[in-house]
$ cat target_34.txt   # compact mmCIF, C-alpha atoms
# COMPACT_ATOMS: atom_id res chain seq x y z
CA MET A 77 82.19 69.72 113.65
CA SER A 78 78.73 68.21 113.56
CA LEU A 79 75.45 69.85 114.40
CA LYS A 80 73.02 68.51 116.96
CA ARG A 81 69.33 68.92 116.18
CA ARG A 82 66.81 69.30 118.99
CA SER A 83 63.11 69.92 119.01
CA VAL A 84 61.97 72.92 121.00
CA VAL A 85 58.60 74.51 121.68
CA ILE A 86 58.39 78.24 121.09
CA ASP A 87 55.15 80.02 121.95
CA GLY A 88 53.21 76.80 121.62
CA HIS A 89 54.63 75.54 118.34
CA ARG A 90 57.29 72.90 117.87
CA THR A 91 60.35 73.56 115.74
CA SER A 92 63.80 72.08 115.45
CA VAL A 93 67.08 73.87 115.97
CA SER A 94 70.46 72.65 114.76
CA ILE A 95 73.57 74.01 116.47
CA GLU A 96 76.87 72.56 117.60
CA PRO A 97 76.85 70.53 120.85
CA GLU A 98 79.10 73.12 122.51
CA PHE A 99 76.46 75.80 121.94
CA TRP A 100 73.74 73.55 123.39
CA ASP A 101 75.93 73.03 126.46
CA ALA A 102 76.61 76.76 126.84
CA LEU A 103 72.92 77.56 126.35
CA GLY A 104 72.09 75.15 129.16
CA VAL A 105 74.62 76.81 131.47
CA ILE A 106 73.19 80.25 130.72
CA ALA A 107 69.60 79.06 131.21
CA ARG A 108 70.43 77.48 134.58
CA ALA A 109 72.24 80.63 135.71
CA ARG A 110 69.11 82.63 134.86
CA GLY A 111 66.78 80.12 136.49
CA GLN A 112 65.11 79.39 133.16
CA ALA A 113 64.36 76.35 131.09
CA VAL A 114 66.30 76.14 127.83
CA ASN A 115 63.02 76.33 125.87
CA ALA A 116 62.09 79.56 127.67
CA LEU A 117 65.49 81.06 126.90
CA ILE A 118 65.20 80.05 123.24
CA ALA A 119 61.75 81.64 123.08
CA GLU A 120 63.27 84.86 124.47
CA ILE A 121 66.03 84.74 121.84
CA ASP A 122 63.42 84.03 119.15
CA ARG A 123 61.39 87.13 120.03
CA ALA A 124 64.47 89.37 119.79
CA ARG A 125 66.01 87.93 116.60
CA ASP A 126 66.15 89.43 113.13
CA GLY A 127 67.48 86.43 111.17
CA ASN A 128 67.96 82.70 111.46
CA LEU A 129 67.19 81.21 114.90
CA SER A 130 70.28 78.99 114.99
CA SER A 131 72.49 81.97 114.22
CA ALA A 132 70.67 84.10 116.79
CA ILE A 133 71.33 81.46 119.45
CA ARG A 134 75.04 81.34 118.59
CA VAL A 135 75.34 85.14 118.73
CA PHE A 136 73.42 85.25 122.04
CA VAL A 137 75.73 82.62 123.58
CA LEU A 138 78.81 84.45 122.33
CA LYS A 139 77.61 87.76 123.80
CA GLU A 140 76.78 86.13 127.14
CA TRP A 141 80.19 84.45 127.37
CA ARG A 142 81.95 87.70 126.48
CA VAL A 143 80.15 89.46 129.34
CA ARG A 144 81.23 86.69 131.73
CA ALA A 145 84.86 86.73 130.56

$ encode --input "target_34.txt" --output "structure tokens"
Amino acid sequence: MSLKRRSVVIDGHRTSVSIEPEFWDALGVIARARGQAVNALIAEIDRARDGNLSSAIRVFVLKEWRVRA
């Protein structure tokens, strides 16, 4: 499975995040359900993370989908 890299702006600085396309899709669904932009949701995840941002996004998406299941 290939990764998809996107540039995002977090608290005013630009960075790139590489995650699988399925995670980008799920992140978009979650952001829309919350009435947020994807960048805003990523910034929220960034503030709460302990480790790597890409991993934090994957874990966040997994937890959100488990709650919805």

$ atom_distance --input "target_34.txt" --atom1 "CA of Ala109 (chain A)" --atom2 "CA of Leu79 (chain A)"
24.1 Å

$ atom_distance --input "target_34.txt" --atom1 "CA of Arg90 (chain A)" --atom2 "CA of Glu120 (chain A)"
14.9 Å

$ atom_distance --input "target_34.txt" --atom1 "CA of Gln112 (chain A)" --atom2 "CA of Ile86 (chain A)"
13.9 Å

$ residues_around --input "target_34.txt" --residues "Glu96 (chain A)" --least-positions-apart "5" --cutoff "12 Å" --atoms "all atoms listed in the file" --output "tab-separated table (two decimals) with C-alpha atoms, in the coordinates of the input"
chain	number	residue	atom	x	y	z
A	77	MET	CA	82.19	69.72	113.65
A	78	SER	CA	78.73	68.21	113.56
A	79	LEU	CA	75.45	69.85	114.40
A	80	LYS	CA	73.02	68.51	116.96
A	81	ARG	CA	69.33	68.92	116.18
A	82	ARG	CA	66.81	69.30	118.99
A	101	ASP	CA	75.93	73.03	126.46
A	102	ALA	CA	76.61	76.76	126.84
A	103	LEU	CA	72.92	77.56	126.35
A	130	SER	CA	70.28	78.99	114.99
A	131	SER	CA	72.49	81.97	114.22
A	133	ILE	CA	71.33	81.46	119.45
A	134	ARG	CA	75.04	81.34	118.59
A	137	VAL	CA	75.73	82.62	123.58

$ closest_residue --input "target_34.txt" --among "A:Val114, A:Ser83, A:Val105, A:Ala119" --to "Glu140 (chain A)" --atoms "all atoms listed in the file"
A:Val105

$ closest_residue --input "target_34.txt" --among "A:Ile106, A:Ala113, A:Val84, A:Thr91" --to "Trp141 (chain A)" --atoms "only C-alpha atoms"
A:Ile106

$ build_atoms --input "target_34.txt" --residues "region 131-145 of chain A" --atoms "N, CA and C atoms" --output "JSON list (two decimals), keeping the file's coordinate frame"
[["chain", "number", "residue", "atom", "x", "y", "z"],
["A", 131, "SER", "N", 71.47, 80.92, 114.17],
["A", 131, "SER", "CA", 72.49, 81.97, 114.22],
["A", 131, "SER", "C", 72.26, 82.90, 115.41],
["A", 132, "ALA", "N", 71.00, 83.22, 115.66],
["A", 132, "ALA", "CA", 70.67, 84.10, 116.79],
["A", 132, "ALA", "C", 71.09, 83.46, 118.11],
["A", 133, "ILE", "N", 70.91, 82.16, 118.23],
["A", 133, "ILE", "CA", 71.33, 81.46, 119.45],
["A", 133, "ILE", "C", 72.85, 81.53, 119.60],
["A", 134, "ARG", "N", 73.57, 81.28, 118.53],
["A", 134, "ARG", "CA", 75.04, 81.34, 118.59],
["A", 134, "ARG", "C", 75.52, 82.73, 119.00],
["A", 135, "VAL", "N", 74.94, 83.76, 118.41],
["A", 135, "VAL", "CA", 75.34, 85.14, 118.73],
["A", 135, "VAL", "C", 75.00, 85.45, 120.19],
["A", 136, "PHE", "N", 73.82, 85.03, 120.64],
["A", 136, "PHE", "CA", 73.42, 85.25, 122.04],
["A", 136, "PHE", "C", 74.42, 84.60, 122.98],
["A", 137, "VAL", "N", 74.77, 83.34, 122.72],
["A", 137, "VAL", "CA", 75.73, 82.62, 123.58],
["A", 137, "VAL", "C", 77.07, 83.34, 123.58],
["A", 138, "LEU", "N", 77.53, 83.74, 122.42],
["A", 138, "LEU", "CA", 78.81, 84.45, 122.33],
["A", 138, "LEU", "C", 78.78, 85.73, 123.16],
["A", 139, "LYS", "N", 77.72, 86.51, 123.03],
["A", 139, "LYS", "CA", 77.61, 87.76, 123.80],
["A", 139, "LYS", "C", 77.58, 87.49, 125.30],
["A", 140, "GLU", "N", 76.84, 86.47, 125.72],
["A", 140, "GLU", "CA", 76.78, 86.13, 127.14],
["A", 140, "GLU", "C", 78.14, 85.70, 127.68],
["A", 141, "TRP", "N", 78.87, 84.90, 126.92],
["A", 141, "TRP", "CA", 80.19, 84.45, 127.37],
["A", 141, "TRP", "C", 81.18, 85.60, 127.42],
["A", 142, "ARG", "N", 81.05, 86.54, 126.47],
["A", 142, "ARG", "CA", 81.95, 87.70, 126.48],
["A", 142, "ARG", "C", 81.71, 88.55, 127.72],
["A", 143, "VAL", "N", 80.47, 88.69, 128.14],
["A", 143, "VAL", "CA", 80.15, 89.46, 129.34],
["A", 143, "VAL", "C", 80.75, 88.77, 130.57],
["A", 144, "ARG", "N", 80.72, 87.45, 130.58],
["A", 144, "ARG", "CA", 81.23, 86.69, 131.73],
["A", 144, "ARG", "C", 82.75, 86.65, 131.78],
["A", 145, "ALA", "N", 83.40, 86.86, 130.63],
["A", 145, "ALA", "CA", 84.86, 86.73, 130.56],
["A", 145, "ALA", "C", 85.58, 87.85, 131.27]]
